[in-house]
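Chemist: Following this line is entry_10.txt, made up of compact mmCIF, C-alpha atoms:
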# COMPACT_ATOMS: atom_id res chain seq x y z
CA MET N 6 -38.75 112.89 -4.75
CA ILE N 7 -40.20 116.38 -5.32
CA VAL N 8 -43.63 114.94 -6.10
CA ARG N 9 -43.53 112.79 -2.95
CA ARG N 10 -42.59 115.77 -0.75
CA SER N 11 -45.35 117.95 -2.22
CA GLY N 12 -47.93 115.26 -1.59
CA ALA N 13 -46.75 114.78 1.98
CA LEU N 14 -46.84 118.53 2.59
CA ALA N 15 -50.39 118.79 1.26
CA ALA N 16 -51.45 115.86 3.46
CA CYS N 17 -49.95 117.56 6.51
CA LEU N 18 -51.74 120.81 5.70
CA VAL N 19 -55.10 119.10 5.32
CA MET N 20 -54.60 117.11 8.53
CA GLY N 21 -53.65 120.31 10.33
CA GLY N 22 -56.80 122.07 9.15
CA MET N 23 -54.82 124.62 7.10
CA LEU N 24 -56.53 123.94 3.74
CA PRO N 25 -60.28 124.70 3.56
CA ALA N 26 -62.54 122.20 1.84
CA GLU N 27 -63.46 122.96 -1.76
CA GLY N 28 -66.46 125.29 -2.11
CA GLN N 29 -66.25 126.50 1.52
CA THR N 30 -65.36 130.05 2.49
CA PRO N 31 -63.28 130.15 5.67
CA PRO N 32 -64.70 132.42 8.39
CA GLN N 33 -63.09 135.79 8.89
CA SER N 34 -60.39 135.67 11.55
CA VAL N 35 -60.36 138.11 14.45
CA THR N 36 -57.08 139.46 15.75
CA MET N 37 -57.31 140.29 19.44
CA THR N 38 -54.88 141.96 21.80
CA LEU N 39 -54.74 141.22 25.50
CA GLY N 40 -56.31 144.60 26.29
CA GLN N 41 -59.21 143.86 23.95
CA ALA N 42 -59.72 140.46 25.53
CA LEU N 43 -59.81 142.00 29.00
CA ALA N 44 -62.25 144.69 27.89
CA ARG N 45 -64.57 142.24 26.13
CA GLY N 46 -64.48 139.86 29.08
CA ARG N 47 -65.40 142.69 31.44
CA SER N 48 -68.28 143.94 29.29
CA SER N 49 -69.57 140.70 27.76
CA GLY N 50 -68.85 138.01 30.37
CA LEU N 51 -71.95 136.29 31.73
CA GLN N 52 -71.12 136.76 35.41
CA ALA N 53 -70.26 140.42 34.85
CA ALA N 54 -73.56 140.99 33.03
CA LEU N 55 -75.54 139.25 35.78
CA ALA N 56 -73.78 141.32 38.43
CA GLN N 57 -74.61 144.52 36.54
CA LEU N 58 -78.28 143.53 36.40
CA SER N 59 -78.25 142.75 40.11
CA ALA N 60 -76.71 146.14 40.87
CA GLU N 61 -79.34 147.86 38.73
CA GLY N 62 -82.04 146.00 40.65
CA THR N 63 -80.56 147.30 43.91
CA ARG N 64 -80.64 150.87 42.58
CA VAL N 65 -84.28 150.42 41.55
CA ARG N 66 -85.16 149.23 45.06
CA GLN N 67 -83.35 152.26 46.46
CA ARG N 68 -85.47 154.59 44.35
CA GLU N 69 -88.57 152.66 45.40
CA GLN N 70 -87.75 153.21 49.07
CA GLY N 71 -87.20 156.90 48.36
CA ALA N 72 -90.95 157.23 47.75
CA ALA N 73 -91.45 157.18 51.54
CA LEU N 74 -90.35 160.84 51.75
CA LEU N 75 -92.31 162.03 48.71
CA PRO N 76 -95.91 163.31 48.80
CA GLN N 77 -98.56 160.61 48.65
CA VAL N 78 -101.65 161.67 46.67
CA GLU N 79 -104.79 159.65 46.16
CA GLY N 80 -108.19 160.35 44.73
CA SER N 81 -111.53 158.59 44.79
CA GLY N 82 -115.02 159.03 43.41
CA THR N 83 -118.19 157.14 44.35
CA VAL N 84 -121.87 157.05 43.50
CA GLN N 85 -124.00 155.28 46.15
CA ARG N 86 -127.66 154.42 46.39
CA GLN N 87 -128.52 154.03 50.08
CA THR N 88 -130.77 154.62 53.06
CA LEU N 89 -129.88 155.81 56.57
CA ASN N 90 -131.08 154.71 60.01
CA LEU N 91 -131.41 157.97 61.90
CA HIS N 92 -131.67 156.21 65.23
CA GLU N 93 -128.13 154.90 64.61
CA PHE N 94 -126.91 158.47 64.96
CA GLY N 95 -129.11 159.18 67.99
CA LEU N 96 -131.61 161.21 65.95
CA SER N 97 -135.33 160.96 66.47
CA ILE N 98 -137.35 163.58 64.60
CA PRO N 99 -141.09 163.63 65.18
CA GLY N 100 -142.99 163.09 61.96
CA PHE N 101 -140.04 161.49 60.19
CA PRO N 102 -139.49 157.77 59.84
CA ALA N 103 -136.54 156.17 61.55
CA VAL N 104 -135.16 155.00 58.18
CA THR N 105 -134.96 157.48 55.34
CA ASP N 106 -136.20 156.91 51.86
CA PRO N 107 -133.60 155.69 49.34
CA PHE N 108 -131.40 158.43 47.94
CA THR N 109 -128.32 158.75 45.74
CA LEU N 110 -125.05 160.16 47.14
CA PHE N 111 -122.30 161.54 44.88
CA ARG N 112 -118.83 161.96 46.40
CA ALA N 113 -115.43 162.97 44.93
CA ARG N 114 -112.36 163.15 47.18
CA LEU N 115 -108.71 164.12 46.72
CA GLY N 116 -106.31 163.53 49.59
CA ALA N 117 -102.57 164.01 50.16
CA SER N 118 -100.02 163.32 52.88
CA GLN N 119 -96.41 164.31 53.39
CA VAL N 120 -93.82 163.13 55.89
CA LEU N 121 -92.24 166.21 57.43
CA PHE N 122 -89.73 164.45 59.65
CA ASP N 123 -88.95 160.76 60.21
CA ARG N 124 -85.37 160.09 61.27
CA ALA N 125 -85.71 156.31 60.94
CA THR N 126 -86.93 156.53 57.35
CA ILE N 127 -84.15 158.95 56.44
CA GLU N 128 -81.49 156.59 57.81
CA ARG N 129 -83.03 153.62 55.99
CA LEU N 130 -82.86 155.53 52.73
CA ARG N 131 -79.21 156.34 53.38
CA ALA N 132 -78.56 152.66 54.11
CA ALA N 133 -80.26 151.73 50.83
CA ARG N 134 -78.04 154.21 49.00
CA ASP N 135 -74.90 152.68 50.51
CA THR N 136 -76.17 149.19 49.69
CA ALA N 137 -76.64 150.26 46.06
CA ILE N 138 -73.08 151.62 46.04
CA ALA N 139 -71.80 148.28 47.37
CA ALA N 140 -73.78 146.41 44.71
CA GLY N 141 -72.25 148.58 42.00
CA LEU N 142 -68.76 147.87 43.33
CA ASP N 143 -69.58 144.15 43.44
CA ALA N 144 -70.53 144.39 39.78
CA GLU N 145 -67.14 145.97 39.05
CA ARG N 146 -65.43 143.13 40.91
CA ALA N 147 -67.39 140.58 38.88
CA GLY N 148 -66.24 142.43 35.77
CA ASP N 149 -62.63 142.14 36.91
CA LEU N 150 -63.07 138.40 37.49
CA ALA N 151 -64.57 137.99 34.01
CA ALA N 152 -61.73 140.05 32.55
CA ALA N 153 -59.15 137.91 34.35
CA THR N 154 -60.81 134.78 32.95
CA ALA N 155 -60.63 136.23 29.44
CA GLY N 156 -57.00 137.23 30.04
CA ALA N 157 -56.12 133.70 31.11
CA ALA N 158 -57.80 132.34 27.99
CA TRP N 159 -55.86 134.83 25.85
CA LEU N 160 -52.57 133.74 27.43
CA ARG N 161 -53.43 130.10 26.87
CA LEU N 162 -54.10 130.74 23.18
CA ALA N 163 -50.90 132.77 22.88
CA GLY N 164 -48.93 129.89 24.38
CA ALA N 165 -50.70 127.36 22.17
CA GLN N 166 -49.87 129.38 19.06
CA GLU N 167 -46.23 129.62 20.09
CA THR N 168 -46.18 125.87 20.71
CA VAL N 169 -47.53 125.20 17.21
CA THR N 170 -44.83 127.45 15.74
CA ALA N 171 -42.16 125.68 17.79
CA ARG N 172 -43.38 122.24 16.66
CA GLU N 173 -43.37 123.41 13.04
CA GLN N 174 -39.77 124.54 13.45
CA ASP N 175 -38.98 121.17 15.04
CA SER N 176 -40.55 119.49 12.01
CA VAL N 177 -38.33 121.42 9.60
CA THR N 178 -35.24 120.44 11.58
CA ALA N 179 -36.33 116.80 11.95
CA PHE N 180 -36.97 116.35 8.22
CA ALA N 181 -33.73 118.11 7.32
CA LEU N 182 -31.80 115.69 9.54
CA LEU N 183 -33.81 112.81 8.09
CA GLU N 184 -32.66 113.76 4.60
CA ILE N 185 -29.06 113.83 5.80
CA ALA N 186 -29.47 110.39 7.38
CA ARG N 187 -31.03 108.97 4.21
CA SER N 188 -28.27 110.37 2.02
CA GLN N 189 -25.57 108.99 4.35
CA VAL N 190 -27.18 105.56 4.50
CA ASP N 191 -27.61 105.50 0.72
CA ALA N 192 -23.91 106.47 0.39
CA GLY N 193 -22.94 103.72 2.82
CA THR N 194 -21.27 106.15 5.27
CA ALA N 195 -23.78 105.62 8.10
CA PRO N 196 -25.61 102.59 9.51
CA ARG N 197 -29.29 102.04 8.77
CA ILE N 198 -30.13 102.63 12.45
CA ASP N 199 -29.39 106.34 11.97
CA ARG N 200 -32.06 106.59 9.28
CA THR N 201 -34.52 104.60 11.39
CA ARG N 202 -33.82 106.75 14.42
CA SER N 203 -34.31 109.94 12.37
CA GLU N 204 -37.57 108.62 10.90
CA THR N 205 -38.80 107.82 14.40
CA ARG N 206 -37.94 111.32 15.56
CA ALA N 207 -39.69 112.87 12.54
CA ALA N 208 -42.82 110.81 13.25
CA ALA N 209 -42.77 111.88 16.90
CA VAL N 210 -42.50 115.52 15.85
CA ARG N 211 -45.53 115.13 13.57
CA VAL N 212 -47.53 113.71 16.48
CA ASP N 213 -46.43 116.58 18.72
CA ALA N 214 -47.46 119.08 16.02
CA ALA N 215 -50.91 117.51 15.73
CA VAL N 216 -51.36 117.65 19.50
CA ALA N 217 -50.23 121.29 19.53
CA ARG N 218 -52.72 122.24 16.82
CA ASN N 219 -55.51 120.56 18.75
CA GLU N 220 -54.59 122.48 21.90
CA ARG N 221 -54.50 125.70 19.88
CA ASP N 222 -57.96 125.09 18.45
CA ARG N 223 -59.37 124.26 21.88
CA ALA N 224 -57.78 127.41 23.31
CA ARG N 225 -59.49 129.42 20.56
CA LEU N 226 -62.85 127.99 21.59
CA ASP N 227 -62.20 128.87 25.24
CA LEU N 228 -61.21 132.45 24.38
CA ALA N 229 -64.21 132.92 22.10
CA ARG N 230 -66.46 131.69 24.92
CA ALA N 231 -64.83 133.99 27.46
CA VAL N 232 -65.30 137.11 25.30
CA ASP N 233 -68.75 136.15 23.98
CA LEU N 234 -67.79 135.51 20.36
CA PRO N 235 -69.35 132.80 18.16
CA PRO N 236 -67.55 129.52 18.93
CA GLY N 237 -66.45 129.09 15.33
CA THR N 238 -64.64 132.43 15.18
CA PRO N 239 -60.93 131.86 14.34
CA VAL N 240 -59.39 134.14 16.96
CA VAL N 241 -55.73 135.04 16.50
CA VAL N 242 -53.61 136.72 19.18
CA SER N 243 -50.29 138.50 18.94
CA ALA N 244 -48.22 136.10 21.01
CA ASP N 245 -45.07 138.17 20.62
CA ALA N 246 -46.70 141.44 21.73
CA PRO N 247 -45.33 142.62 25.09
CA ILE N 248 -47.74 142.77 28.01
CA THR N 249 -47.63 146.18 29.61
CA SER N 250 -49.32 147.76 32.60
CA ASP N 251 -48.76 150.50 35.11
CA THR N 252 -45.56 149.90 37.03
CA PHE N 253 -46.03 147.73 40.08
CA PRO N 254 -44.58 149.72 43.00
CA THR N 255 -41.19 148.41 44.04
CA ASP N 256 -41.89 149.35 47.65
CA ILE N 257 -44.23 146.72 49.05
CA ASP N 258 -45.86 149.12 51.51
CA ALA N 259 -46.63 151.53 48.69
CA ALA N 260 -48.13 148.66 46.69
CA VAL N 261 -50.33 147.65 49.63
CA ALA N 262 -51.48 151.25 50.09
CA LEU N 263 -52.26 151.48 46.37
CA ALA N 264 -54.28 148.27 46.53
CA ARG N 265 -56.30 149.47 49.54
CA SER N 266 -57.24 152.61 47.65
CA HIS N 267 -58.14 150.87 44.36
CA ARG N 268 -59.52 147.40 45.18
CA VAL N 269 -63.26 147.50 44.51
CA ASP N 270 -63.98 144.50 46.74
CA LEU N 271 -62.56 146.40 49.71
CA ALA N 272 -64.59 149.49 48.78
CA ALA N 273 -67.71 147.31 48.54
CA GLU N 274 -67.16 145.85 52.01
CA ARG N 275 -66.65 149.32 53.43
CA ALA N 276 -69.89 150.49 51.81
CA ARG N 277 -71.71 147.50 53.29
CA GLN N 278 -70.32 148.30 56.72
CA VAL N 279 -71.58 151.88 56.42
CA ALA N 280 -74.99 150.60 55.29
CA MET N 281 -75.22 148.29 58.32
CA GLN N 282 -74.25 151.13 60.62
CA ARG N 283 -77.00 153.30 59.14
CA SER N 284 -79.49 150.46 59.56
CA LEU N 285 -78.53 150.30 63.23
CA THR N 286 -79.04 154.05 63.52
CA ALA N 287 -82.43 153.71 61.79
CA ILE N 288 -83.62 151.18 64.37
CA LYS N 289 -82.49 153.41 67.22
CA SER N 290 -84.19 156.39 65.55
CA GLU N 291 -87.58 154.70 65.81
CA PHE N 292 -87.65 156.07 69.36
CA ILE N 293 -87.69 159.60 67.91
CA PRO N 294 -91.17 161.05 67.12
CA SER N 295 -92.11 161.48 63.48
CA ILE N 296 -94.16 164.34 62.04
CA ALA N 297 -96.47 164.21 59.03
CA ALA N 298 -99.06 166.44 57.40
CA SER N 299 -102.20 165.27 55.64
CA GLY N 300 -105.37 166.71 54.24
CA PHE N 301 -108.14 166.29 51.73
CA VAL N 302 -110.74 168.18 49.74
CA GLN N 303 -114.09 166.62 49.07
CA THR N 304 -117.29 167.45 47.27
CA SER N 305 -120.47 165.50 47.88
CA GLY N 306 -124.21 165.74 47.59
CA THR N 307 -127.41 163.95 46.60
CA GLY N 308 -127.36 165.46 43.14
CA ILE N 309 -124.91 166.78 40.61
CA ASP N 310 -126.42 170.26 40.90
CA SER N 311 -126.27 170.25 44.70
CA LEU N 312 -122.66 169.22 45.39
CA ALA N 313 -120.94 170.95 48.33
CA GLY N 314 -117.26 171.05 49.11
CA THR N 315 -115.49 170.29 52.38
CA TRP N 316 -111.83 170.12 53.32
CA ASN N 317 -109.51 169.02 56.08
CA ILE N 318 -105.84 169.68 56.80
CA GLY N 319 -103.71 168.79 59.78
CA VAL N 320 -100.29 168.00 61.18
CA GLY N 321 -99.76 164.96 63.35
CA LEU N 322 -97.00 163.63 65.59
CA SER N 323 -96.44 159.92 66.06
CA TRP N 324 -94.33 158.56 68.90
CA SER N 325 -93.86 154.87 69.56
CA LEU N 326 -93.21 154.74 73.28
CA PHE N 327 -93.14 151.00 73.89
CA ASP N 328 -93.28 147.99 71.57
CA GLY N 329 -92.54 145.12 73.95
CA PHE N 330 -88.72 145.51 73.66
CA ARG N 331 -88.76 144.42 70.00
CA ARG N 332 -86.63 147.39 68.99
CA GLU N 333 -84.01 146.56 71.60
CA ARG N 334 -83.73 143.01 70.30
CA ARG N 335 -83.43 144.26 66.71
CA VAL N 336 -80.66 146.61 67.86
CA ASP N 337 -78.80 143.70 69.43
CA GLU N 338 -79.18 141.61 66.27
CA GLN N 339 -77.95 144.42 64.03
CA ARG N 340 -74.93 144.96 66.26
CA LEU N 341 -74.01 141.29 65.82
CA ARG N 342 -74.25 141.68 62.04
CA LEU N 343 -72.09 144.77 62.23
CA ASP N 344 -69.46 142.91 64.27
CA ALA N 345 -69.44 140.10 61.70
CA GLU N 346 -69.00 142.62 58.89
CA SER N 347 -66.09 144.23 60.76
CA ARG N 348 -64.38 140.86 60.95
CA ARG N 349 -64.94 140.27 57.23
CA LEU N 350 -63.49 143.68 56.46
CA HIS N 351 -60.43 143.01 58.61
CA ASP N 352 -59.89 139.63 56.94
CA LEU N 353 -60.20 141.18 53.46
CA GLU N 354 -57.62 143.85 54.29
CA ALA N 355 -55.21 141.10 55.36
CA GLN N 356 -56.03 139.11 52.21
CA ILE N 357 -55.30 142.13 50.02
CA GLU N 358 -51.88 142.58 51.60
CA THR N 359 -51.21 138.87 51.06
CA ASP N 360 -52.28 139.16 47.42
CA VAL N 361 -49.93 142.08 46.86
CA ARG N 362 -46.96 140.35 48.48
CA GLU N 363 -47.61 137.15 46.52
CA ALA N 364 -47.90 139.17 43.30
CA ALA N 365 -44.52 140.79 43.99
CA LEU N 366 -42.95 137.36 44.53
CA ASP N 367 -44.54 136.00 41.34
CA LEU N 368 -43.30 138.95 39.30
CA ALA N 369 -39.73 138.53 40.53
CA SER N 370 -39.84 134.77 39.95
CA ALA N 371 -41.31 135.20 36.45
CA ARG N 372 -38.53 137.59 35.46
CA ASP N 373 -35.88 135.11 36.64
CA GLN N 374 -37.57 132.17 34.89
CA LEU N 375 -37.84 134.13 31.65
CA ALA N 376 -34.15 135.05 31.67
CA LEU N 377 -33.10 131.47 32.43
CA ALA N 378 -35.45 130.08 29.77
CA ASN N 379 -33.96 132.37 27.12
CA ASP N 380 -30.46 131.21 28.05
CA ARG N 381 -31.59 127.59 27.88
CA VAL N 382 -33.03 128.07 24.37
CA ARG N 383 -29.83 129.73 23.18
CA LEU N 384 -27.65 126.94 24.52
CA ALA N 385 -29.95 124.19 23.21
CA GLU N 386 -29.97 125.69 19.73
CA GLU N 387 -26.15 125.92 19.79
CA GLU N 388 -26.00 122.27 20.84
CA LEU N 389 -28.33 121.27 18.00
CA SER N 390 -26.33 123.27 15.47
CA GLU N 391 -23.07 121.63 16.53
CA ALA N 392 -24.63 118.17 16.57
CA ARG N 393 -26.08 118.74 13.11
CA GLU N 394 -22.70 119.77 11.74
CA ARG N 395 -21.04 116.71 13.31
CA PHE N 396 -23.76 114.43 11.94
CA ALA N 397 -23.51 115.91 8.44
CA ALA N 398 -19.73 115.48 8.55
CA GLY N 399 -20.12 111.85 9.59
CA VAL N 400 -18.23 112.39 12.82
CA THR N 401 -21.08 111.13 14.98
CA GLY N 402 -24.36 109.27 14.66
CA SER N 403 -27.97 110.34 14.98
CA VAL N 404 -28.06 109.87 18.77
CA GLU N 405 -26.57 113.30 19.38
CA THR N 406 -28.95 115.03 16.95
CA THR N 407 -31.97 113.22 18.42
CA ASN N 408 -31.01 114.24 21.96
CA ALA N 409 -30.31 117.78 20.81
CA GLN N 410 -33.70 118.01 19.09
CA SER N 411 -35.43 116.85 22.27
CA GLU N 412 -33.53 119.41 24.29
CA VAL N 413 -34.46 122.22 21.87
CA ALA N 414 -38.13 121.24 22.05
CA ALA N 415 -38.01 121.12 25.85
CA ALA N 416 -36.22 124.49 25.97
CA HIS N 417 -38.81 126.11 23.70
CA ASP N 418 -41.62 124.67 25.83
CA ALA N 419 -39.94 126.04 28.96
CA LEU N 420 -39.60 129.46 27.32
CA ILE N 421 -43.26 129.47 26.30
CA GLN N 422 -44.26 128.49 29.82
CA ALA N 423 -42.03 131.21 31.26
CA ARG N 424 -43.69 133.80 29.01
CA LEU N 425 -47.11 132.62 30.06
CA SER N 426 -46.08 132.76 33.72
CA ALA N 427 -44.75 136.29 33.22
CA GLY N 428 -48.00 137.38 31.56
CA ALA N 429 -50.13 135.74 34.25
CA ALA N 430 -47.97 137.36 36.95
CA GLN N 431 -48.51 140.80 35.44
CA ILE N 432 -52.26 140.26 35.19
CA ASN N 433 -52.43 138.99 38.78
CA ALA N 434 -50.29 141.88 40.00
CA ALA N 435 -52.56 144.42 38.31
CA ARG N 436 -55.58 142.67 39.77
CA ALA N 437 -53.97 142.58 43.22
CA ILE N 438 -53.60 146.37 43.28
CA GLY N 439 -56.96 146.98 41.61
CA LEU N 440 -55.66 148.25 38.26
CA LEU N 441 -56.52 145.38 35.95
CA SER N 442 -58.09 147.79 33.46
CA ASN N 443 -54.64 149.33 32.85
CA VAL N 444 -53.22 146.09 31.42
CA HIS N 445 -52.94 146.05 27.63
I'd like the structure from this file rewritten - as structure tokens, please.
Modeler:
Amino acid sequence: MIVRRSGALAACLVMGGMLPAEGQTPPQSVTMTLGQALARGRSSGLQAALAQLSAEGTRVRQREQGAALLPQVEGSGTVQRQTLNLHEFGLSIPGFPAVTDPFTLFRARLGASQVLFDRATIERLRAARDTAIAAGLDAERAGDLAAATAGAAWLRLAGAQETVTAREQDSVTAFALLEIARSQVDAGTAPRIDRTRSETRAAAVRVDAAVARNERDRARLDLARAVDLPPGTPVVVSADAPITSDTFPTDIDAAVALARSHRVDLAAERARQVAMQRSLTAIKSEFIPSIAASGFVQTSGTGIDSLAGTWNIGVGLSWSLFDGFRRERRVDEQRLRLDAESRRLHDLEAQIETDVREAALDLASARDQLALANDRVRLAEEELSEARERFAAGVTGSVETTNAQSEVAAAHDALIQARLSAGAAQINAARAIGLLSNVH
């Protein structure tokens, strides 16, 4: 009997992937907390990384536009072999031909210009700065989404691990009851149906354990993918570790106010609205004259030893008085865009309040479900204990123990689901108020 049990146990371990093949070194496992999963998802998630690159590109374009207000310097140098038609310049010198003999002209020139005042350009640069701010906030929002994805994967793995543990406990109970049934049948104190029923239950538990291990392994792959780890990394999470975060305000109005001050998507929309308003101001400012200074120094001559220098400096004013009403139409178009952005901003503010209220409801419901699930597990385990005692004493058959085992399994599953719901509710609540980074 002992040899048979040892062989069966070894077979179960190999089927469950718990014994490595001979000559193979198992990969090093990685223990990960929820806070670590959130942080890795935020920093290593693909969408978060792409959003960061996009934001950096926006900042580069902002710096590129800033060159419009910096000095522009250019230089040139030429060597030309040419002739001149004096009549082209209205010159007619007696004794000289109309076209000169070929000569070589050396010229070196250095010029510079500087915008002194251009209201439209200044407003466009401010709009570009606000657009870059919005892009940075969008990148933060993408990071939060990637972190939430990693958090959901962490919770799934935590639940899968708990399910495997629960099925292993069910297996211990099922085989213990099977031994009781076998001994009673062998002693002639119980019908053979009790042993058959117990064997059926034990087989069902083994199937459930295999399914649970498969779900656990798949959840590990999903978590490794979400946090950018090699797919074969055996990630382990602390399923029994409590999930903590900053206290969600009990007053719903305070929670909404907190969300409006911390949600990066709302801050991004506000920055975009400011950028659009500045773009509108920039178009209107094109009616205002702009002032610029420019100048150059130049040296030229027909020989290196006969170069002579000249220079020029000046300040000019440019004023676009009429452009066929194109500016007015651009103003109208930008106002429409600004109105659309105002509607998006209003809708987002309403969505944020809805998110906060839903998060408060989910938190309250999760707490109630968790308390009820714990009570259900306690009662189911008491029922199984009493049924086991009655079965061992021969007072009742295996029907009661089989039903009690099923109820214990269902109660454990409900408790695991309640824990997952509670964890997901806390993550969603922190995300709703814009403090997902405080969850650990």
Chemist: For the point (-42.7, 132.0, 27.9) in file coordinates, what residues are within 10 Å, counting all atoms listed in the file? Give the answer as number ranges by chain?
Modeler: N: 163-164, 167, 244-245, 371, 374-376, 378-379, 417-428
Chemist: What does the distance between CA of Arg172 in chain N and CA of Met37 in chain N come to in Å, to one decimal place?
Modeler: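 Atom-to-atom, CA of Arg172 in chain N and CA of Met37 in chain N are spaced 23.0 Å apart.
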Chemist: Which residues are close to range 294-307 of chain N, i.e. within 9 Å by all atoms listed in the file, leaving aside same-chain residues fewer than 2 positions away? Reply as a PyMOL selection string.
Modeler: chain N and resi 108-125+290-292+309-325
Chemist: In Å, how far is it from CA of Leu353 in chain N to CA of Pro254 in chain N?
Modeler: 20.6 Å
Chemist: What's the separation between CA of Ser203 in chain N and CA of Arg187 in chain N, in Å to one decimal place?
Modeler: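 If I compute the distance from CA of Ser203 in chain N to CA of Arg187 in chain N, I get 8.8 Å.
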Chemist: Out of N:Leu130, N:Ala153, N:Val177, N:Ile198, which residue has the shortest atom-to-atom distance to Glu69 in chain N when counting all atoms listed in the file?
Modeler: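 Under the stated criterion, the closest residue is N:Leu130.
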Chemist: N:Ala430, N:Ala435, N:Phe396, N:Ala272: which is nearest Thr194 in chain N, counting only C-alpha atoms?
Modeler: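 Of the candidates, the smallest distance to Thr194 in chain N is held by N:Phe396.
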Chemist: Around the point (-31.6, 108.0, 14.3), in the coordinates given by the file, pick out the residues reaching within 8 Å, counting only C-alpha atoms, and return them as a list in words.
Modeler: Ala186, Ile198, Asp199, Arg200, Thr201, Arg202, Ser203, Glu204, Thr205, Arg206, Gly402, Ser403, Val404, Thr406 and Thr407 of chain N
Chemist: Near range 65-68 of chain N, within 8 Å and counting all atoms listed in the file, which residues show up once chain neighbours fewer than 2 positions away are dropped, as a ChimeraX atom specification?
Modeler: /N:61-63,70-72,130,133-134,137
Chemist: Excluding same-chain residues fewer than 6 positions from Ile432 in chain N, what lies within 10 Å of it counting only C-alpha atoms, as a list in words?
Modeler: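 Once the adjacent positions are removed, what remains is Leu43, Ala152, Ala153, Gly156, Ala157, Ile248, Thr249, Ser250, Ala364, Leu368, Ser426, Leu440, Leu441, Ser442, Asn443, Val444 and His445 of chain N.
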Chemist: Once 3 Å is added on each side, what centre and edge lengths in Å to one decimal does the axis-aligned box around all listed atoms of range 163-172 of chain N have, as AutoDock Vina command-line options?
Modeler:
--center_x -46.5 --center_y 127.5 --center_z 20.1 --size_x 14.7 --size_y 16.5 --size_z 14.6
Chemist: Ranking N:Arg342, N:Arg131, N:Arg362, N:Arg161 by minimum distance to Leu39 in chain N and counting only C-alpha atoms, which one comes first?
Modeler: N:Arg161
Chemist: With range 47-52 of chain N as the partner and 10 Å as the cut-off, tabulate the residues of range 134-235 of chain N that qualify, each row holding the nearest pair of atoms and their distance in Å to one decimal, using all atoms listed in the file, sorted by chain and rising number, as CSV.
Modeler:
residue,atom,partner,partner_atom,distance
N:Ala144,CA,N:Gln52,CA,8.8
N:Glu145,CA,N:Arg47,CA,8.5
N:Arg146,CA,N:Arg47,CA,9.5
N:Ala147,CA,N:Gln52,CA,6.4
N:Gly148,CA,N:Arg47,CA,4.4
N:Asp149,CA,N:Arg47,CA,6.2
N:Leu150,CA,N:Arg47,CA,7.8
N:Ala151,CA,N:Arg47,CA,5.4
N:Ala152,CA,N:Arg47,CA,4.7
N:Ala153,CA,N:Arg47,CA,8.4
N:Thr154,CA,N:Gly50,CA,9.0
N:Ala155,CA,N:Arg47,CA,8.3
N:Arg230,CA,N:Gly50,CA,8.7
N:Ala231,CA,N:Gly50,CA,6.4
N:Val232,CA,N:Ser49,CA,6.1
N:Asp233,CA,N:Ser49,CA,6.0
N:Leu234,CA,N:Ser49,CA,9.2
Chemist: Smallest atom-to-atom distance to Thr136 in chain N: which of N:Asp352, N:Glu274, N:Glu338, N:Asp328, using all atoms listed in the file?
Modeler: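 Nearest to Thr136 in chain N: N:Glu274.
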Chemist: Quick one: of N:Ala192, N:Leu343, N:Val210, N:Val261, who's nearest to Phe180 in chain N, counting only C-alpha atoms?
Modeler: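 Of the candidates, the smallest distance to Phe180 in chain N is held by N:Val210.
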Chemist: At a cut-off of 10 Å, using only C-alpha atoms, what residues contact Asp360 in chain N? Leave out same-chain residues fewer than 3 positions from it and give the result as an NGL selection string.
Modeler: :N and (261 or 264 or 354-357 or 363-366 or 433-434 or 436-438)
Chemist: Please, could you write that set of residues out with C-alpha atoms as a JSON list (two decimals), in the frame of the given file?
Modeler:
[["chain", "number", "residue", "atom", "x", "y", "z"],
["N", 261, "VAL", "CA", -50.33, 147.65, 49.63],
["N", 264, "ALA", "CA", -54.28, 148.27, 46.53],
["N", 354, "GLU", "CA", -57.62, 143.85, 54.29],
["N", 355, "ALA", "CA", -55.21, 141.10, 55.36],
["N", 356, "GLN", "CA", -56.03, 139.11, 52.21],
["N", 357, "ILE", "CA", -55.30, 142.13, 50.02],
["N", 363, "GLU", "CA", -47.61, 137.15, 46.52],
["N", 364, "ALA", "CA", -47.90, 139.17, 43.30],
["N", 365, "ALA", "CA", -44.52, 140.79, 43.99],
["N", 366, "LEU", "CA", -42.95, 137.36, 44.53],
["N", 433, "ASN", "CA", -52.43, 138.99, 38.78],
["N", 434, "ALA", "CA", -50.29, 141.88, 40.00],
["N", 436, "ARG", "CA", -55.58, 142.67, 39.77],
["N", 437, "ALA", "CA", -53.97, 142.58, 43.22],
["N", 438, "ILE", "CA", -53.60, 146.37, 43.28]]
